[in-house]
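Undergrad: I'd like to ask you about the structure that follows.
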Amino acid sequence: MPELPEVETIVNELKPLVEGKSFQSIKIFETRSIDGNPREFTAALKNNKITKLFRRGKYLCFSLINGSHLTIHLRMTGKLLQKPGKKDKKYLRVKLVFDKKFALYFVDIRKFGKLKLWPEKDVLLPALGPEPLDSPTVFKVLISLKTKTTRVVKTILLDQHALAGVGNIYADEALFLGGIHPQTQLCRIEDAAIKRLSQVLPRILKRAIKNKGTTLSDYQTPDSGAGDHQHFLKVYGREGLPCYTCGTEILRTRINGRSSYFCPRCQG
DNA sequence: CCTTAGTCCTGCATGC
DNA sequence: TGCATGCAGGACTAAG
């Protein structure tokens, strides 16, 4: 499941390949993968030139020369590949053709991922909170929410309106590094601990970017490569295994329908 | 307004 | 081995 570091890795890899290029044609195999009218989508992209590719939260954003934007959200199983593998063919949803030699294949098993076109007059991704890549920003967001909500901290970290880009894996990792139990209400966390969390969250995200993201099952970079950060996870997916810090068994609980892994001793 | 539960989708793991 | 069940979850929507 691509979160901020995975999307950042994909953008870094694609940037030199797509900036300055124009869409020659678009082939839609699954209309569900398009947010909006597929015909209008195809027509608007055709012969449109990409001026810039960037990331915002978990979205890939293509700036187009006419002022509009294309966004792609990969959700759980979405991939953007230059050369789909044999197993990918069955799940090919959209093909973006640039020229005879170069196309991008949007492959998505679960059909949750979406491509969306944003007209120039629309504000791009208006509901997203700030990027969680520097600690003063994260601290400001969490402190200001502290008096406004009764929700638990894990839920807040996953809320894209609060901070954009954090998903289940890095939320759990940051809470472990910050020594905070995922089920703690934000309003009950002391400022010093919020400060700690604000420092470790940007740090873990940047470290995961350096490691080209976490590949557990589906995530792949456009050249079909895997990430390395799965080898550095402290708690995510480690239920029943000993904590690297204290040896206590890592537990798993459910918060808002999502698995949350934590060390009951380090995050007591 | 705020918060929670249900929905989408398909492969995979589990149990009998 | 086969079949049924349930689990995984990001973001949206409906309901409380």
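Residues are referred to by chain and number: the chain letter is A, B, ... according to the order shown in the structure tokens, the number counts from 1 in that chain, and ligands are numbered separately from 1 in the order shown.
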With the cut-off set at 12 Å and counting only C-alpha atoms (C1' of nucleotides), tabulate each residue of chain A with an atom at most that distance from an atom of chain B, showing the nearest atom pair and its distance in Å to one decimal, ordered by chain and increasing number, as a Markdown table.

TA:
| residue | atom | partner | partner_atom | distance |
| --- | --- | --- | --- | --- |
| A:Arg32 | CA | B:DC8 | C1' | 10.5 |
| A:Ser33 | CA | B:DC9 | C1' | 11.7 |
| A:Arg75 | CA | B:DC9 | C1' | 11.5 |
| A:Met76 | CA | B:DC9 | C1' | 10.3 |
| A:Thr77 | CA | B:DT10 | C1' | 10.1 |
| A:Lys90 | CA | B:DT10 | C1' | 12.0 |
| A:Tyr91 | CA | B:DT10 | C1' | 10.4 |
| A:Asp108 | CA | B:DC9 | C1' | 10.0 |
| A:Ile109 | CA | B:DT10 | C1' | 6.5 |
| A:Arg110 | CA | B:DC9 | C1' | 4.5 |
| A:Lys111 | CA | B:DC9 | C1' | 6.1 |
| A:Phe112 | CA | B:DC9 | C1' | 6.9 |
| A:Gly113 | CA | B:DC9 | C1' | 10.5 |
| A:Lys148 | CA | B:DC2 | C1' | 9.9 |
| A:Thr149 | CA | B:DC2 | C1' | 8.3 |
| A:Thr150 | CA | B:DT3 | C1' | 9.0 |
| A:Arg151 | CA | B:DT3 | C1' | 8.2 |
| A:Val152 | CA | B:DT3 | C1' | 11.3 |
| A:Thr155 | CA | B:DT3 | C1' | 11.0 |
| A:Ser217 | CA | B:DG11 | C1' | 11.0 |
| A:Asp218 | CA | B:DG11 | C1' | 11.1 |
| A:Ile255 | CA | B:DT4 | C1' | 11.2 |
| A:Asn256 | CA | B:DT4 | C1' | 8.0 |
| A:Gly257 | CA | B:DA5 | C1' | 9.1 |

Undergrad: Within 12 Å of chain A, which residues of chain C show up? Give each one with its shortest atom-to-atom distance in Å (one decimal) and the two atoms involved, counting only C-alpha atoms (C1' of nucleotides), rows by chain then rising residue number, as a tab-separated table.

TA:
residue	atom	partner	partner_atom	distance
C:DC7	C1'	A:Ser259	CA	10.6
C:DA8	C1'	A:Arg258	CA	8.8
C:DG9	C1'	A:Met76	CA	6.9
C:DG10	C1'	A:Arg75	CA	5.7
C:DA11	C1'	A:Arg75	CA	8.6
C:DC12	C1'	A:Phe112	CA	11.1

Undergrad: I need the residues from that last selection saved to file as a compact mmCIF listing (two decimals), in the first residue's frame (with all heavy atoms), if you can.

TA:
# COMPACT_ATOMS: atom_id res chain seq x y z
P DC C 7 -12.70 -11.43 9.97
OP1 DC C 7 -12.84 -11.93 11.35
OP2 DC C 7 -13.62 -10.40 9.45
O5' DC C 7 -11.20 -10.92 9.78
C5' DC C 7 -10.13 -11.85 9.57
C4' DC C 7 -9.22 -11.34 8.48
O4' DC C 7 -9.74 -11.68 7.19
C3' DC C 7 -9.03 -9.82 8.48
O3' DC C 7 -7.69 -9.53 8.80
C2' DC C 7 -9.39 -9.39 7.07
C1' DC C 7 -9.31 -10.69 6.27
N1 DC C 7 -10.21 -10.73 5.08
C2 DC C 7 -9.65 -10.93 3.82
O2 DC C 7 -8.42 -11.04 3.72
N3 DC C 7 -10.47 -11.00 2.74
C4 DC C 7 -11.78 -10.88 2.90
N4 DC C 7 -12.54 -10.97 1.80
C5 DC C 7 -12.38 -10.68 4.18
C6 DC C 7 -11.56 -10.61 5.24
P DA C 8 -7.29 -8.08 9.34
OP1 DA C 8 -6.22 -8.28 10.33
OP2 DA C 8 -8.51 -7.34 9.70
O5' DA C 8 -6.67 -7.37 8.06
C5' DA C 8 -5.46 -7.87 7.49
C4' DA C 8 -5.22 -7.19 6.18
O4' DA C 8 -6.09 -7.76 5.19
C3' DA C 8 -5.57 -5.70 6.21
O3' DA C 8 -4.41 -4.96 6.56
C2' DA C 8 -5.98 -5.42 4.76
C1' DA C 8 -6.38 -6.79 4.20
N9 DA C 8 -7.80 -6.94 3.89
C8 DA C 8 -8.87 -6.71 4.72
N7 DA C 8 -10.03 -6.96 4.16
C5 DA C 8 -9.69 -7.38 2.87
C6 DA C 8 -10.46 -7.79 1.77
N6 DA C 8 -11.80 -7.86 1.79
N1 DA C 8 -9.81 -8.15 0.64
C2 DA C 8 -8.48 -8.08 0.62
N3 DA C 8 -7.65 -7.71 1.59
C4 DA C 8 -8.32 -7.37 2.70
P DG C 9 -4.51 -3.70 7.47
OP1 DG C 9 -3.14 -3.36 7.86
OP2 DG C 9 -5.55 -3.95 8.48
O5' DG C 9 -5.07 -2.59 6.47
C5' DG C 9 -4.26 -2.18 5.38
C4' DG C 9 -5.12 -1.36 4.44
O4' DG C 9 -6.20 -2.17 3.96
C3' DG C 9 -5.77 -0.13 5.10
O3' DG C 9 -5.61 1.00 4.27
C2' DG C 9 -7.23 -0.49 5.18
C1' DG C 9 -7.37 -1.38 3.96
N9 DG C 9 -8.55 -2.22 3.93
C8 DG C 9 -9.40 -2.50 4.95
N7 DG C 9 -10.40 -3.25 4.61
C5 DG C 9 -10.21 -3.51 3.27
C6 DG C 9 -10.97 -4.26 2.34
O6 DG C 9 -12.00 -4.87 2.54
N1 DG C 9 -10.39 -4.25 1.08
C2 DG C 9 -9.23 -3.61 0.75
N2 DG C 9 -8.83 -3.72 -0.52
N3 DG C 9 -8.51 -2.90 1.60
C4 DG C 9 -9.05 -2.88 2.83
P DG C 10 -4.52 2.11 4.58
OP1 DG C 10 -3.24 1.55 4.13
OP2 DG C 10 -4.63 2.62 5.95
O5' DG C 10 -4.97 3.26 3.60
C5' DG C 10 -4.59 3.19 2.22
C4' DG C 10 -5.34 4.24 1.44
O4' DG C 10 -6.64 3.72 1.05
C3' DG C 10 -5.63 5.54 2.17
O3' DG C 10 -5.57 6.59 1.20
C2' DG C 10 -7.03 5.36 2.74
C1' DG C 10 -7.68 4.38 1.77
N9 DG C 10 -8.48 3.33 2.39
C8 DG C 10 -8.29 2.76 3.62
N7 DG C 10 -9.15 1.80 3.88
C5 DG C 10 -9.94 1.72 2.74
C6 DG C 10 -11.03 0.87 2.42
O6 DG C 10 -11.53 -0.02 3.10
N1 DG C 10 -11.54 1.14 1.15
C2 DG C 10 -11.06 2.09 0.30
N2 DG C 10 -11.66 2.19 -0.87
N3 DG C 10 -10.04 2.89 0.57
C4 DG C 10 -9.54 2.65 1.81
P DA C 11 -5.91 8.07 1.59
OP1 DA C 11 -5.17 8.90 0.63
OP2 DA C 11 -5.72 8.26 3.04
O5' DA C 11 -7.45 8.21 1.23
C5' DA C 11 -7.83 8.10 -0.13
C4' DA C 11 -9.34 8.08 -0.25
O4' DA C 11 -9.87 6.92 0.44
C3' DA C 11 -10.06 9.29 0.35
O3' DA C 11 -11.03 9.68 -0.59
C2' DA C 11 -10.72 8.74 1.60
C1' DA C 11 -11.03 7.32 1.13
N9 DA C 11 -11.26 6.35 2.20
C8 DA C 11 -10.61 6.22 3.40
N7 DA C 11 -11.04 5.23 4.15
C5 DA C 11 -12.04 4.66 3.38
C6 DA C 11 -12.89 3.56 3.59
N6 DA C 11 -12.87 2.82 4.70
N1 DA C 11 -13.78 3.26 2.63
C2 DA C 11 -13.80 4.01 1.51
N3 DA C 11 -13.05 5.05 1.19
C4 DA C 11 -12.18 5.33 2.17
P DC C 12 -11.58 11.18 -0.64
OP1 DC C 12 -11.05 11.83 -1.84
OP2 DC C 12 -11.40 11.79 0.69
O5' DC C 12 -13.14 10.91 -0.86
C5' DC C 12 -13.55 10.02 -1.89
C4' DC C 12 -14.78 9.26 -1.45
O4' DC C 12 -14.45 8.37 -0.36
C3' DC C 12 -15.91 10.15 -0.93
O3' DC C 12 -17.00 10.11 -1.85
C2' DC C 12 -16.29 9.55 0.42
C1' DC C 12 -15.62 8.19 0.41
N1 DC C 12 -15.22 7.72 1.77
C2 DC C 12 -15.85 6.60 2.32
O2 DC C 12 -16.73 6.02 1.66
N3 DC C 12 -15.48 6.17 3.55
C4 DC C 12 -14.53 6.82 4.22
N4 DC C 12 -14.20 6.36 5.43
C5 DC C 12 -13.87 7.96 3.68
C6 DC C 12 -14.25 8.38 2.46

Undergrad: Give me, as a PyMOL selection string, the residues of range 55-202 of chain A that a backbone DSSP run labels alpha helix (DSSP H).

TA: chain A and resi 135-146+153-158+168-178+191-202

Undergrad: For Gly165 in chain A, which of A:Pro202, A:Gly179, A:Pro264, A:Gly78 is the closest residue, counting only C-alpha atoms?

TA: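 For Gly165 in chain A, the nearest of the given residues is A:Pro202.
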
Undergrad: Write out as a list in words each polymer residue whose atoms come within 7 Å of range 206-213 of chain A, counting only C-alpha atoms (C1' of nucleotides); drop sequence neighbours fewer than 6 positions from it.

TA: Pro5, Glu6, Glu8, Thr9, Gly227, Asp228 and His229 of chain A

Undergrad: What is the CA of Asp122 in chain A to CA of Ile72 in chain A distance in Å?

TA: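 Atom-to-atom, CA of Asp122 in chain A to CA of Ile72 in chain A, that is 16.2 Å.
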
Undergrad: Which distance in Å separates CA of His181 in chain A and CA of Val166 in chain A, to one decimal?

TA: 16.9 Å

Undergrad: Please return, as a ChimeraX atom specification, all residues of range 88-213 of chain A that DSSP assigns to strand (DSSP E or B) on the basis of the backbone.

TA: /A:92-97,103-108,114-118,152,185
